[in-house]
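Containing TSV, C-alpha atoms: target-v3.tsv.
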chain	number	residue	atom	x	y	z
A	2	MET	CA	0.00	0.00	0.00
A	3	SER	CA	1.54	3.29	-1.05
A	4	LYS	CA	1.37	6.48	0.96
A	5	GLY	CA	-0.38	8.19	-1.95
A	6	LYS	CA	-3.28	5.79	-1.94
A	7	LEU	CA	-3.86	6.27	1.79
A	8	GLY	CA	-3.83	10.06	1.36
A	9	ALA	CA	-6.17	9.88	-1.61
A	10	THR	CA	-8.57	7.66	0.35
A	11	LEU	CA	-8.45	9.96	3.33
A	12	THR	CA	-9.42	13.03	1.29
A	13	ALA	CA	-11.90	11.29	-1.03
A	14	GLY	CA	-14.69	11.49	1.54
A	15	LEU	CA	-14.37	15.24	1.78
A	16	TRP	CA	-15.20	15.94	-1.86
A	17	LYS	CA	-15.05	13.09	-4.37
A	18	ARG	CA	-17.18	10.78	-2.22
A	19	LEU	CA	-18.76	13.39	0.02
A	20	PRO	CA	-21.96	11.97	1.50
A	21	PRO	CA	-24.81	12.66	1.24
A	22	PHE	CA	-24.21	15.07	-1.67
A	23	ARG	CA	-21.85	13.12	-3.94
A	24	LEU	CA	-22.85	9.60	-2.96
A	25	VAL	CA	-26.52	10.60	-2.57
A	26	LEU	CA	-26.76	7.86	0.05
A	27	GLY	CA	-28.01	8.13	3.62
A	28	LEU	CA	-30.50	10.85	2.76
A	29	CYS	CA	-33.16	9.71	5.23
A	30	PRO	CA	-31.32	10.73	8.42
A	31	SER	CA	-29.88	13.75	6.59
A	32	LEU	CA	-33.42	14.98	6.04
A	33	ALA	CA	-34.87	13.91	9.35
A	34	VAL	CA	-32.41	14.81	12.10
A	35	THR	CA	-30.81	18.00	10.80
A	36	THR	CA	-33.23	20.35	12.53
A	37	SER	CA	-30.30	21.80	14.46
A	38	ALA	CA	-26.54	21.94	14.06
A	39	GLU	CA	-26.06	19.93	17.26
A	40	ASN	CA	-28.28	17.09	16.04
A	41	GLY	CA	-26.47	17.00	12.70
A	42	LEU	CA	-23.10	16.87	14.41
A	43	GLY	CA	-24.19	14.12	16.81
A	44	MET	CA	-25.66	11.98	14.07
A	45	GLY	CA	-22.59	12.50	11.89
A	46	ILE	CA	-20.17	11.49	14.64
A	47	ALA	CA	-22.24	8.41	15.49
A	48	LEU	CA	-22.19	7.34	11.85
A	49	ALA	CA	-18.48	8.12	11.46
A	50	LEU	CA	-17.68	5.87	14.45
A	51	VAL	CA	-19.79	3.03	13.07
A	52	VAL	CA	-18.53	3.23	9.50
A	53	THR	CA	-14.86	3.43	10.54
A	54	MET	CA	-15.07	0.44	12.86
A	55	SER	CA	-17.28	-1.62	10.57
A	56	ASN	CA	-14.97	-1.00	7.62
A	57	GLY	CA	-11.99	-2.08	9.72
A	58	ILE	CA	-13.60	-5.25	11.05
A	59	ILE	CA	-15.20	-6.27	7.76
A	60	SER	CA	-11.97	-5.70	5.89
A	61	ALA	CA	-10.02	-7.77	8.42
A	62	LEU	CA	-12.53	-10.62	8.02
A	63	ARG	CA	-12.98	-10.24	4.25
A	64	LYS	CA	-11.09	-13.44	3.38
A	65	LEU	CA	-12.87	-15.42	6.09
A	66	ILE	CA	-16.46	-14.55	5.26
A	67	PRO	CA	-17.94	-16.75	2.50
A	68	ALA	CA	-19.31	-14.66	-0.40
A	69	LYS	CA	-22.81	-16.07	-0.11
A	70	VAL	CA	-23.40	-14.94	3.48
A	71	ARG	CA	-21.39	-11.74	3.32
A	72	ILE	CA	-24.33	-9.34	3.51
A	73	ALA	CA	-25.76	-11.20	6.51
A	74	SER	CA	-22.38	-11.14	8.23
A	75	TYR	CA	-21.94	-7.40	7.49
A	76	ILE	CA	-25.36	-6.63	8.92
A	77	VAL	CA	-24.63	-8.56	12.13
A	78	ILE	CA	-21.32	-6.75	12.61
A	79	ILE	CA	-22.80	-3.34	11.77
A	80	ALA	CA	-25.81	-3.91	14.04
A	81	THR	CA	-23.51	-4.79	16.94
A	82	LEU	CA	-21.45	-1.64	16.43
A	83	VAL	CA	-24.60	0.49	16.20
A	84	SER	CA	-25.94	-1.00	19.43
A	85	ILE	CA	-22.67	-0.22	21.17
A	86	VAL	CA	-22.71	3.37	19.90
A	87	GLU	CA	-26.34	3.70	20.98
A	88	THR	CA	-25.54	2.39	24.47
A	89	LEU	CA	-22.60	4.78	24.74
A	90	MET	CA	-24.74	7.73	23.66
A	91	LYS	CA	-27.45	6.84	26.19
A	92	ALA	CA	-24.83	6.60	28.93
A	93	TYR	CA	-22.95	9.80	28.15
A	94	PHE	CA	-25.11	12.02	25.90
A	95	PHE	CA	-28.62	11.18	27.05
A	96	PRO	CA	-30.47	14.33	25.85
A	97	LEU	CA	-28.88	14.07	22.41
A	98	SER	CA	-29.76	10.39	22.11
A	99	GLU	CA	-33.38	11.25	23.01
A	100	GLN	CA	-33.37	13.91	20.28
A	101	LEU	CA	-31.99	11.59	17.61
A	102	GLY	CA	-34.33	8.81	18.76
A	103	ILE	CA	-34.89	6.04	16.25
A	104	TYR	CA	-32.31	7.40	13.76
A	105	ILE	CA	-29.39	6.06	15.78
A	106	PRO	CA	-30.61	2.42	15.63
A	107	LEU	CA	-31.48	3.04	11.98
A	108	ILE	CA	-27.78	3.50	11.16
A	109	VAL	CA	-27.84	-0.30	10.83
A	110	VAL	CA	-29.66	0.05	7.52
A	111	ASN	CA	-27.90	3.26	6.49
A	112	CYS	CA	-26.80	2.80	2.89
A	113	ILE	CA	-23.50	4.59	3.48
A	114	VAL	CA	-22.31	2.00	6.01
A	115	LEU	CA	-23.33	-1.01	3.93
A	116	GLY	CA	-22.20	0.72	0.74
A	117	ARG	CA	-18.70	1.36	2.07
A	118	ALA	CA	-18.52	-2.19	3.46
A	119	GLU	CA	-19.54	-3.81	0.18
A	120	GLY	CA	-17.89	-1.30	-2.15
A	121	PHE	CA	-14.61	-0.68	-0.36
A	122	ALA	CA	-13.88	-2.72	2.76
A	123	ALA	CA	-14.59	-6.04	1.05
A	124	LYS	CA	-11.78	-5.40	-1.46
A	125	ASN	CA	-9.16	-3.45	0.49
A	126	PRO	CA	-6.85	-4.02	3.49
A	127	PRO	CA	-8.04	-2.98	6.98
A	128	LEU	CA	-6.02	0.20	7.47
A	129	LEU	CA	-7.03	1.62	4.09
A	130	SER	CA	-10.67	0.65	4.74
A	131	MET	CA	-10.64	2.40	8.10
A	132	ALA	CA	-9.19	5.49	6.42
A	133	ASP	CA	-12.01	5.33	3.90
A	134	GLY	CA	-14.62	4.96	6.64
A	135	LEU	CA	-13.13	7.81	8.62
A	136	SER	CA	-13.01	10.14	5.64
A	137	VAL	CA	-16.56	9.33	4.53
A	138	GLY	CA	-17.69	9.68	8.15
A	139	ILE	CA	-16.05	13.07	8.54
A	140	GLY	CA	-17.53	14.18	5.24
A	141	TYR	CA	-20.96	13.10	6.41
A	142	THR	CA	-20.51	14.86	9.76
A	143	LEU	CA	-19.50	18.11	8.03
A	144	SER	CA	-22.41	17.88	5.59
A	145	LEU	CA	-24.99	17.21	8.30
A	146	THR	CA	-23.60	19.97	10.49
A	147	LEU	CA	-23.79	22.34	7.50
A	148	ILE	CA	-27.39	21.37	6.70
A	149	GLY	CA	-28.29	21.58	10.39
A	150	SER	CA	-26.59	24.96	10.75
A	151	ILE	CA	-28.43	26.46	7.77
A	152	ARG	CA	-31.77	25.16	9.00
A	153	GLU	CA	-31.15	26.22	12.59
A	154	ILE	CA	-29.73	29.68	11.82
A	155	LEU	CA	-32.47	30.64	9.38
A	156	GLY	CA	-35.28	28.57	10.89
A	157	VAL	CA	-34.77	29.29	14.58
A	158	GLY	CA	-32.26	32.14	14.60
A	159	SER	CA	-29.67	30.32	16.70
A	160	TRP	CA	-26.55	28.20	16.17
A	161	PHE	CA	-25.75	25.30	18.51
A	162	GLY	CA	-28.46	26.77	20.73
A	163	LEU	CA	-26.84	30.22	20.92
A	164	PRO	CA	-28.86	33.13	19.50
A	165	VAL	CA	-27.33	34.58	16.35
A	166	PHE	CA	-29.69	37.38	15.40
A	167	GLY	CA	-31.32	39.98	17.60
A	168	ALA	CA	-34.88	39.74	18.83
A	169	ALA	CA	-36.10	41.54	15.69
A	170	PHE	CA	-35.30	38.50	13.55
A	171	GLU	CA	-38.37	36.67	12.32
A	172	PRO	CA	-37.33	33.00	11.81
A	173	LEU	CA	-38.36	31.13	8.68
A	174	ALA	CA	-40.05	28.43	10.72
A	175	PHE	CA	-40.72	26.16	7.73
A	176	LEU	CA	-36.99	25.44	7.44
A	177	VAL	CA	-37.01	23.29	10.58
A	178	LEU	CA	-40.00	21.33	9.27
A	179	ALA	CA	-39.76	18.50	6.74
A	180	PRO	CA	-40.15	20.69	3.58
A	181	GLY	CA	-37.27	22.86	4.76
A	182	ALA	CA	-35.01	19.81	4.83
A	183	PHE	CA	-35.77	18.96	1.19
A	184	ILE	CA	-35.30	22.56	0.08
A	185	THR	CA	-32.01	23.00	1.95
A	186	ILE	CA	-30.54	19.75	0.67
A	187	GLY	CA	-31.79	20.46	-2.86
A	188	ILE	CA	-30.21	23.90	-2.93
A	189	LEU	CA	-26.90	22.62	-1.51
A	190	LEU	CA	-26.88	19.78	-4.05
A	191	GLY	CA	-27.49	22.28	-6.84
A	192	ILE	CA	-24.72	24.63	-5.70
A	193	GLN	CA	-22.32	21.71	-5.42
A	194	ASN	CA	-23.20	20.46	-8.92
A	195	LEU	CA	-22.76	23.93	-10.40
A	196	PHE	CA	-19.38	24.17	-8.67
A	197	SER	CA	-18.13	20.88	-10.06
A	198	ARG	CA	-19.35	21.79	-13.54
A	199	TRP	CA	-17.53	25.12	-13.25
A	200	ARG	CA	-14.35	23.29	-12.26
A	201	GLY	CA	-14.81	21.10	-15.31
A	202	GLU	CA	-14.92	17.89	-13.29
A	203	LYS	CA	-16.20	14.84	-15.03
A	204	PHE	CA	-19.71	14.69	-13.72
A	205	VAL	CA	-20.34	11.54	-11.73
A	206	GLN	CA	-23.00	11.37	-9.08
A	207	GLY	CA	-22.91	8.30	-6.90
B	8	MET	CA	-21.19	-29.42	1.27
B	9	SER	CA	-18.10	-28.06	2.99
B	10	GLU	CA	-19.00	-24.59	1.74
B	11	ILE	CA	-22.37	-24.81	3.46
B	12	VAL	CA	-20.73	-25.94	6.68
B	13	ARG	CA	-18.26	-23.08	6.43
B	14	MET	CA	-21.08	-20.57	5.91
B	15	VAL	CA	-22.94	-21.84	8.97
B	16	VAL	CA	-19.83	-21.93	11.14
B	17	VAL	CA	-18.60	-18.44	10.17
B	18	LEU	CA	-21.97	-16.78	10.55
B	19	SER	CA	-22.61	-18.49	13.91
B	20	LEU	CA	-19.18	-17.48	15.14
B	21	ILE	CA	-19.72	-13.85	14.15
B	22	ALA	CA	-23.13	-13.83	15.80
B	23	ALA	CA	-21.77	-15.41	18.99
B	24	ILE	CA	-18.88	-12.96	19.29
B	25	CYS	CA	-21.21	-10.02	18.62
B	26	SER	CA	-23.67	-11.17	21.30
B	27	ALA	CA	-20.86	-11.55	23.80
B	28	VAL	CA	-19.59	-8.03	23.08
B	29	LEU	CA	-23.10	-6.58	23.39
B	30	THR	CA	-23.78	-8.35	26.67
B	31	PHE	CA	-20.54	-7.00	28.00
B	32	ALA	CA	-21.37	-3.44	26.88
B	33	HIS	CA	-24.85	-3.56	28.40
B	34	GLN	CA	-23.60	-4.90	31.71
B	35	GLY	CA	-20.84	-2.36	31.87
B	36	LEU	CA	-22.95	0.66	31.02
B	37	GLY	CA	-26.35	-0.43	32.37
B	38	PRO	CA	-26.08	1.30	35.78
B	39	ARG	CA	-24.93	4.54	34.16
B	40	ILE	CA	-27.82	4.47	31.70
B	41	ASP	CA	-30.28	3.93	34.59
B	42	GLN	CA	-28.74	6.89	36.37
B	43	GLN	CA	-29.02	9.09	33.28
B	44	THR	CA	-32.60	7.98	32.67
B	45	ASP	CA	-33.44	8.88	36.27
B	46	LEU	CA	-31.88	12.30	35.86
B	47	TYR	CA	-33.50	13.22	32.57
B	48	VAL	CA	-36.81	11.35	32.73
B	49	ARG	CA	-37.75	11.47	36.41
B	50	GLY	CA	-35.62	14.53	37.13
B	51	PRO	CA	-37.95	17.25	35.81
B	52	ALA	CA	-40.94	15.79	37.67
B	53	LEU	CA	-38.96	15.55	40.92
B	54	GLU	CA	-37.68	19.10	40.51
B	55	ARG	CA	-41.21	20.45	40.28
B	56	LEU	CA	-42.51	18.33	43.16
B	57	PHE	CA	-39.73	19.14	45.61
B	58	GLY	CA	-38.65	22.54	44.31
B	59	LYS	CA	-35.00	21.41	44.47
B	60	PRO	CA	-32.47	20.46	41.79
B	61	ALA	CA	-32.99	16.86	40.69
B	62	THR	CA	-29.42	15.87	41.57
B	63	GLU	CA	-30.16	16.61	45.24
B	64	VAL	CA	-33.26	14.43	45.35
B	65	LEU	CA	-32.37	11.55	43.04
B	66	HIS	CA	-30.14	9.67	45.44
B	67	ASN	CA	-32.80	9.91	48.18
B	68	LYS	CA	-34.54	6.87	46.84
B	69	VAL	CA	-35.95	3.78	48.49
B	70	VAL	CA	-37.68	0.96	46.70
B	71	ILE	CA	-40.62	-0.72	48.44
B	72	ALA	CA	-41.57	-4.19	47.27
B	73	VAL	CA	-45.32	-4.80	47.10
B	74	GLY	CA	-46.16	-8.27	45.85
B	75	ASP	CA	-44.11	-8.64	42.69
B	76	GLN	CA	-43.95	-4.89	42.10
B	77	ALA	CA	-41.13	-2.60	43.17
B	78	ILE	CA	-42.33	0.94	43.82
B	79	PRO	CA	-39.69	3.68	43.85
B	80	VAL	CA	-40.20	6.33	46.54
B	81	PHE	CA	-38.18	9.55	46.59
B	82	PHE	CA	-37.94	11.72	49.70
B	83	ALA	CA	-36.70	15.14	50.76
B	84	ARG	CA	-35.60	16.29	54.21
B	85	GLU	CA	-36.94	19.34	55.98
B	86	GLY	CA	-34.28	19.92	58.61
B	87	ASP	CA	-33.70	16.40	59.95
B	88	ARG	CA	-37.24	15.18	59.41
B	89	VAL	CA	-38.52	13.55	56.25
B	90	SER	CA	-41.62	15.53	55.38
B	91	THR	CA	-42.27	15.17	51.67
B	92	ILE	CA	-42.13	12.02	49.60
B	93	ALA	CA	-42.84	11.32	45.94
B	94	VAL	CA	-44.27	7.95	44.99
B	95	GLU	CA	-44.09	6.60	41.50
B	96	ALA	CA	-47.20	4.95	40.10
B	97	THR	CA	-48.61	3.59	36.89
B	98	GLY	CA	-51.82	5.13	35.54
B	99	LYS	CA	-53.34	2.08	33.88
B	100	GLY	CA	-55.51	2.43	30.80
B	101	GLY	CA	-54.30	5.63	29.19
B	102	PHE	CA	-55.34	6.12	25.58
B	103	GLY	CA	-51.87	5.31	24.27
B	104	GLY	CA	-50.80	2.85	26.96
B	105	ASP	CA	-50.02	3.23	30.64
B	106	LEU	CA	-48.96	6.57	32.09
B	107	LYS	CA	-46.03	6.84	34.43
B	108	LEU	CA	-46.90	9.22	37.25
B	109	MET	CA	-45.24	10.67	40.30
B	110	VAL	CA	-47.43	11.82	43.18
B	111	GLY	CA	-46.00	14.13	45.82
B	112	VAL	CA	-47.25	13.66	49.39
B	113	ASP	CA	-46.73	15.88	52.42
B	114	LEU	CA	-46.64	13.32	55.24
B	115	ASP	CA	-47.15	15.83	58.08
B	116	ALA	CA	-50.15	17.56	56.59
B	117	GLY	CA	-51.58	14.42	55.00
B	118	GLN	CA	-51.92	16.31	51.75
B	119	GLN	CA	-50.89	15.75	48.18
B	120	THR	CA	-48.42	18.31	46.91
B	121	GLY	CA	-48.93	17.58	43.26
B	122	MET	CA	-49.10	15.06	40.46
B	123	GLU	CA	-46.47	14.92	37.75
B	124	VAL	CA	-46.43	12.89	34.57
B	125	VAL	CA	-43.06	11.19	34.10
B	126	SER	CA	-43.79	9.66	30.73
B	127	HIS	CA	-46.81	9.06	28.54
B	128	SER	CA	-47.67	8.33	24.92
B	129	GLU	CA	-51.01	10.13	24.64
B	130	THR	CA	-52.38	11.93	21.58
B	131	PRO	CA	-50.76	15.35	21.08
B	132	GLY	CA	-53.29	18.13	21.66
B	133	LEU	CA	-55.73	15.86	23.53
B	134	GLY	CA	-54.40	13.43	26.11
B	135	ALA	CA	-50.93	14.95	25.97
B	136	ARG	CA	-52.40	18.04	27.64
B	137	ILE	CA	-52.06	16.03	30.84
B	138	ASP	CA	-48.67	17.73	31.03
B	139	GLU	CA	-50.29	21.16	31.38
B	140	ILE	CA	-50.10	22.91	34.71
B	141	SER	CA	-53.83	23.75	34.68
B	142	PHE	CA	-54.63	20.04	34.88
B	143	ARG	CA	-51.82	19.01	37.20
B	144	ARG	CA	-52.32	21.70	39.80
B	145	GLN	CA	-55.75	20.33	40.70
B	146	TRP	CA	-53.90	17.76	42.81
B	147	GLN	CA	-52.31	20.32	45.10
B	148	GLY	CA	-53.77	20.17	48.57
B	149	LEU	CA	-55.99	17.14	48.08
B	150	PRO	CA	-56.18	14.89	51.16
B	151	THR	CA	-54.34	11.57	51.09
B	152	ASP	CA	-56.96	9.59	53.00
B	153	THR	CA	-59.79	9.77	50.45
B	154	PRO	CA	-59.62	8.57	46.85
B	155	VAL	CA	-59.58	11.24	44.14
B	156	ALA	CA	-62.22	11.21	41.40
B	157	LEU	CA	-63.31	13.17	38.35
B	158	THR	CA	-66.10	15.78	38.77
B	159	LYS	CA	-68.49	13.60	36.80
B	160	ASP	CA	-68.02	10.90	39.43
B	161	GLY	CA	-68.49	13.40	42.24
B	162	GLY	CA	-64.83	14.22	42.75
B	163	LYS	CA	-62.77	17.37	42.46
B	164	ILE	CA	-60.72	16.80	39.32
B	165	ASP	CA	-61.91	18.45	36.10
B	166	ALA	CA	-61.16	16.03	33.27
B	167	ILE	CA	-59.32	17.29	30.18
B	168	SER	CA	-62.04	17.83	27.61
B	169	GLY	CA	-61.80	15.23	24.89
B	170	ALA	CA	-59.45	13.09	26.95
B	171	THR	CA	-61.54	11.48	29.67
B	172	THR	CA	-59.68	8.19	29.30
B	173	THR	CA	-56.35	9.87	29.99
B	174	SER	CA	-57.78	11.80	32.94
B	175	LEU	CA	-59.23	8.59	34.36
B	176	ALA	CA	-55.84	6.90	34.05
B	177	ALA	CA	-54.20	9.73	35.99
B	178	VAL	CA	-56.87	9.51	38.70
B	179	GLY	CA	-56.50	5.72	38.85
B	180	GLY	CA	-52.75	6.04	39.26
B	181	THR	CA	-53.21	8.52	42.09
B	182	ASN	CA	-55.64	6.21	43.87
B	183	GLU	CA	-53.07	3.46	43.61
B	184	VAL	CA	-50.63	5.72	45.45
B	185	ILE	CA	-53.27	6.50	48.10
B	186	ARG	CA	-53.91	2.78	48.66
B	187	PHE	CA	-50.19	2.12	48.73
B	188	LEU	CA	-49.71	4.84	51.36
B	189	ARG	CA	-52.57	3.56	53.51
B	190	ASP	CA	-51.19	0.00	53.54
B	191	HIS	CA	-47.46	0.63	53.57
B	192	LYS	CA	-46.80	3.95	55.27
B	193	GLU	CA	-44.90	2.35	58.13
B	194	GLU	CA	-42.77	0.39	55.72
B	195	ILE	CA	-41.82	3.56	53.82
B	196	VAL	CA	-40.87	5.42	57.00
B	197	GLN	CA	-38.80	2.46	58.20
B	198	ALA	CA	-37.09	2.07	54.83
B	199	ILE	CA	-36.18	5.76	54.78
B	200	ALA	CA	-34.91	5.64	58.37
B	201	LYS	CA	-32.81	2.61	57.53
B	202	ARG	CA	-31.44	4.33	54.45
B	203	GLU	CA	-30.61	7.43	56.50
B	204	ALA	CA	-28.89	5.42	59.22
B	205	GLY	CA	-26.85	3.57	56.62
B	206	SER	CA	-25.64	6.66	54.81
Could you express the structure from this file as structure tokens?
Amino acid sequence: MSKGKLGATLTAGLWKRLPPFRLVLGLCPSLAVTTSAENGLGMGIALALVVTMSNGIISALRKLIPAKVRIASYIVIIATLVSIVETLMKAYFFPLSEQLGIYIPLIVVNCIVLGRAEGFAAKNPPLLSMADGLSVGIGYTLSLTLIGSIREILGVGSWFGLPVFGAAFEPLAFLVLAPGAFITIGILLGIQNLFSRWRGEKFVQG
Amino acid sequence: MSEIVRMVVVLSLIAAICSAVLTFAHQGLGPRIDQQTDLYVRGPALERLFGKPATEVLHNKVVIAVGDQAIPVFFAREGDRVSTIAVEATGKGGFGGDLKLMVGVDLDAGQQTGMEVVSHSETPGLGARIDEISFRRQWQGLPTDTPVALTKDGGKIDAISGATTTSLAAVGGTNEVIRFLRDHKEEIVQAIAKREAGS
């Protein structure tokens, strides 16, 4: 494994494979939990932990797991990791885990985790796979925090719970509701596509 | 054939290791989760009942066993006497399942100091209005020796309009506490005294 490949993998998640915008995977929690920057950050970190560890474990076991039961094995491993993360969150970040509710257990069926396991960890050595998981996880955390920040700043007038505007600010309350999530993500996706077209990147989504 | 055996063995092994890890995690973190649940779920109710920060009251807890049930009782000291206790109860038959209630009792005055809803899954806008102060404050000052009842049954509690079932569940839960107090008051006092002597 060359140094260059590790570096490339580490940065891929921040732009080339940036979820949810470039991969367009894991949209359900991105829409549902990003009502505030804090929720987005919490969800992102939980997913980053799971995807890094699951990539590492699955990659280490990739020669041991028979091809026919690989998906079942991945799901068992991922579900275990998610349960551990959920337990940890309940023990140390109880209010946040109440806020995120069902979306933490639902990381089990998050397409990003299974996608990275099947698409990357199953073919690459453990260290490289963990780097991939970490970079995708960080990308996801940044994206969700960004979406959450936009929705919270404009929809509530605060950021991480701290007021940003004066009392005269009239919040756009619809942004913290479900339609606001679609509109925010749609606009961000559009801006990002325009940007890559402007840079002349070969246009690949997913 | 050997491939099938390998599949079974590998998958079983993975599942077994995962279960072991999970059991370990739950055992290790279980007490801390209980503590956090107490603080964030029961905490707000206790704070309103005792007018003290939840962290001061939470460790003042005794559990009284009645039949196969374990009823948590929280208490607060007034000087060196225990005057106010909060008894947890289940309001059976809410619209969306059982309610979890906490009833505050002033032992000296023989009065209820309030009813708090710890958790419920009632309909928002109807039964969920059980959380509202206008409903809850009807409990303040009620005697602890007579059962409470809704106005339509000749009692003093005005039901939430459109949510009689929920109101009935809250009343039922309170009556459970009243019965529990009548039958087990001595036990509670002894348990608290024992707890105090031990600490």
(message) One number please: atom CA of B:Gly161 to atom CA of B:Ala177, in Å, one decimal.
(response)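 We find that atom CA of B:Gly161 and atom CA of B:Ala177 lie 16.0 Å from each other.
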(request) Using all atoms listed in the file, determine which residues lie at most 6 Å from A:Gly140, disregarding the query and same-chain residues fewer than 3 positions distant; provide the list as a list of chain:residue names. (result)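 The contact residues come out as A:Gly14, A:Leu15, A:Leu19, A:Val137, A:Leu143.
Neighbouring residues of stretch 104-115 of chain A at 6 Å or closer, counting all atoms listed in the file and skipping chain neighbours under 5 positions away, are Leu26, Gly27, Val52, Ile79 and Ala80 of chain A.
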Taking C-alpha atoms for each residue, export the selection above as a compact mmCIF listing (two decimals), in the frame of the given file.
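Contents of the output file again13.txt:
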# COMPACT_ATOMS: atom_id res chain seq x y z
CA LEU A 26 -26.76 7.86 0.05
CA GLY A 27 -28.01 8.13 3.62
CA VAL A 52 -18.53 3.23 9.50
CA ILE A 79 -22.80 -3.34 11.77
CA ALA A 80 -25.81 -3.91 14.04
(request) Would you kindly report the residues of chain A within 9 Å of chain B, using only C-alpha atoms, as a list in words? (result)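 Residues satisfying the distance criterion: Leu65, Ile66, Pro67, Ala68, Lys69, Val70, Arg71, Ala73, Ser74, Val77, Ile78, Ala80, Thr81, Leu82, Ser84, Ile85, Thr88, Leu89, Lys91, Ala92, Tyr93, Phe94, Phe95 and Pro96 of chain A.
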(request) Excluding A:Pro172 and any residue of its chain fewer than 3 positions from it, enumerate the residues within 12 Å of it, using all atoms listed in the file, and give them as a ChimeraX atom specification. (result) /A:151-159,164-169,175-177
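In this structure, atom CA of A:Gly5 sits 29.6 Å away from atom CA of A:Ile192.
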(request) Please provide as JSON, numbers by chain all residues within 12 Å of A:Arg63, with the sequence filter that same-chain residues fewer than 5 positions apart are discarded (counting all atoms listed in the file). (result) {"A": [55, 56, 57, 58, 68, 70, 71, 72, 74, 75, 118, 119, 121, 122, 123, 124, 125, 126, 127, 130], "B": [17]}
(request) Measuring atom to atom with only C-alpha atoms, identify which of B:Pro131, B:Glu194, B:Glu95, B:Gly104 is nearest to B:Asn182. (result)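 Going through B:Pro131, B:Glu194, B:Glu95, B:Gly104 one by one, the smallest distance to B:Asn182 is for B:Glu95.
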Polymer residues at most 10 Å from (-38.2, 15.1, 47.9) by only C-alpha atoms, as a PDB file with C-alpha atoms, in the frame of the given file:
ATOM      1  CA  LEU B  53     -38.960  15.550  40.920  1.00  0.00           C
ATOM      2  CA  GLU B  54     -37.680  19.100  40.510  1.00  0.00           C
ATOM      3  CA  ARG B  55     -41.210  20.450  40.280  1.00  0.00           C
ATOM      4  CA  LEU B  56     -42.510  18.330  43.160  1.00  0.00           C
ATOM      5  CA  PHE B  57     -39.730  19.140  45.610  1.00  0.00           C
ATOM      6  CA  GLY B  58     -38.650  22.540  44.310  1.00  0.00           C
ATOM      7  CA  LYS B  59     -35.000  21.410  44.470  1.00  0.00           C
ATOM      8  CA  PRO B  60     -32.470  20.460  41.790  1.00  0.00           C
ATOM      9  CA  ALA B  61     -32.990  16.860  40.690  1.00  0.00           C
ATOM     10  CA  GLU B  63     -30.160  16.610  45.240  1.00  0.00           C
ATOM     11  CA  VAL B  64     -33.260  14.430  45.350  1.00  0.00           C
ATOM     12  CA  LEU B  65     -32.370  11.550  43.040  1.00  0.00           C
ATOM     13  CA  ASN B  67     -32.800   9.910  48.180  1.00  0.00           C
ATOM     14  CA  LYS B  68     -34.540   6.870  46.840  1.00  0.00           C
ATOM     15  CA  VAL B  80     -40.200   6.330  46.540  1.00  0.00           C
ATOM     16  CA  PHE B  81     -38.180   9.550  46.590  1.00  0.00           C
ATOM     17  CA  PHE B  82     -37.940  11.720  49.700  1.00  0.00           C
ATOM     18  CA  ALA B  83     -36.700  15.140  50.760  1.00  0.00           C
ATOM     19  CA  ARG B  84     -35.600  16.290  54.210  1.00  0.00           C
ATOM     20  CA  GLU B  85     -36.940  19.340  55.980  1.00  0.00           C
ATOM     21  CA  VAL B  89     -38.520  13.550  56.250  1.00  0.00           C
ATOM     22  CA  SER B  90     -41.620  15.530  55.380  1.00  0.00           C
ATOM     23  CA  THR B  91     -42.270  15.170  51.670  1.00  0.00           C
ATOM     24  CA  ILE B  92     -42.130  12.020  49.600  1.00  0.00           C
ATOM     25  CA  ALA B  93     -42.840  11.320  45.940  1.00  0.00           C
ATOM     26  CA  VAL B  94     -44.270   7.950  44.990  1.00  0.00           C
ATOM     27  CA  GLY B 111     -46.000  14.130  45.820  1.00  0.00           C
ATOM     28  CA  VAL B 112     -47.250  13.660  49.390  1.00  0.00           C
ATOM     29  CA  ASP B 113     -46.730  15.880  52.420  1.00  0.00           C
TER      30      ASP B 113
END
(message) Between B:Val125, B:Leu188, B:Ile164, B:Leu149, which residue has the minimum interatomic distance to B:Asp45, considering only C-alpha atoms?
(response) B:Val125
If the box runs along x, y and z of the file and leaves 3 Å on each side of stretch 49-65 of chain B, what are its centre and edge lengths in Å, one decimal, as JSON?
{"center_x": -36.0, "center_y": 17.0, "center_z": 40.7, "size_x": 19.1, "size_y": 17.1, "size_z": 15.8}
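Closest approach to A:Ser144 among A:Gly162, A:Phe170, A:Arg23, A:Pro180: A:Arg23, based on only C-alpha atoms.
Among the candidates A:Leu145, A:Lys203, A:Phe161, A:Ala174, the one nearest to A:Ile46 when counting all atoms listed in the file is A:Leu145.
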(request) Would you work out the distance separating atom CA of A:Val25 from atom CA of A:Leu62, expressed in Å to one decimal? (result) 27.5 Å
(request) Would you mind telling me which residue in A:Ile139, A:Leu101, A:Leu7, A:Ile184 lies nearest to A:Pro21 when using all atoms listed in the file? (result)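 Between A:Ile139, A:Leu101, A:Leu7, A:Ile184, the residue approaching A:Pro21 most closely is A:Ile139.
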(message) List the spatial neighbours of B:Ala77 as a list in words - criterion: any atom at most 12 Å away, all atoms listed in the file, same-chain residues fewer than 2 positions off excluded.
(response) Val69, Val70, Ile71, Ala72, Val73, Gly74, Asp75, Pro79, Val80, Val94, Glu95, Ala96, Thr97 and Phe187 of chain B
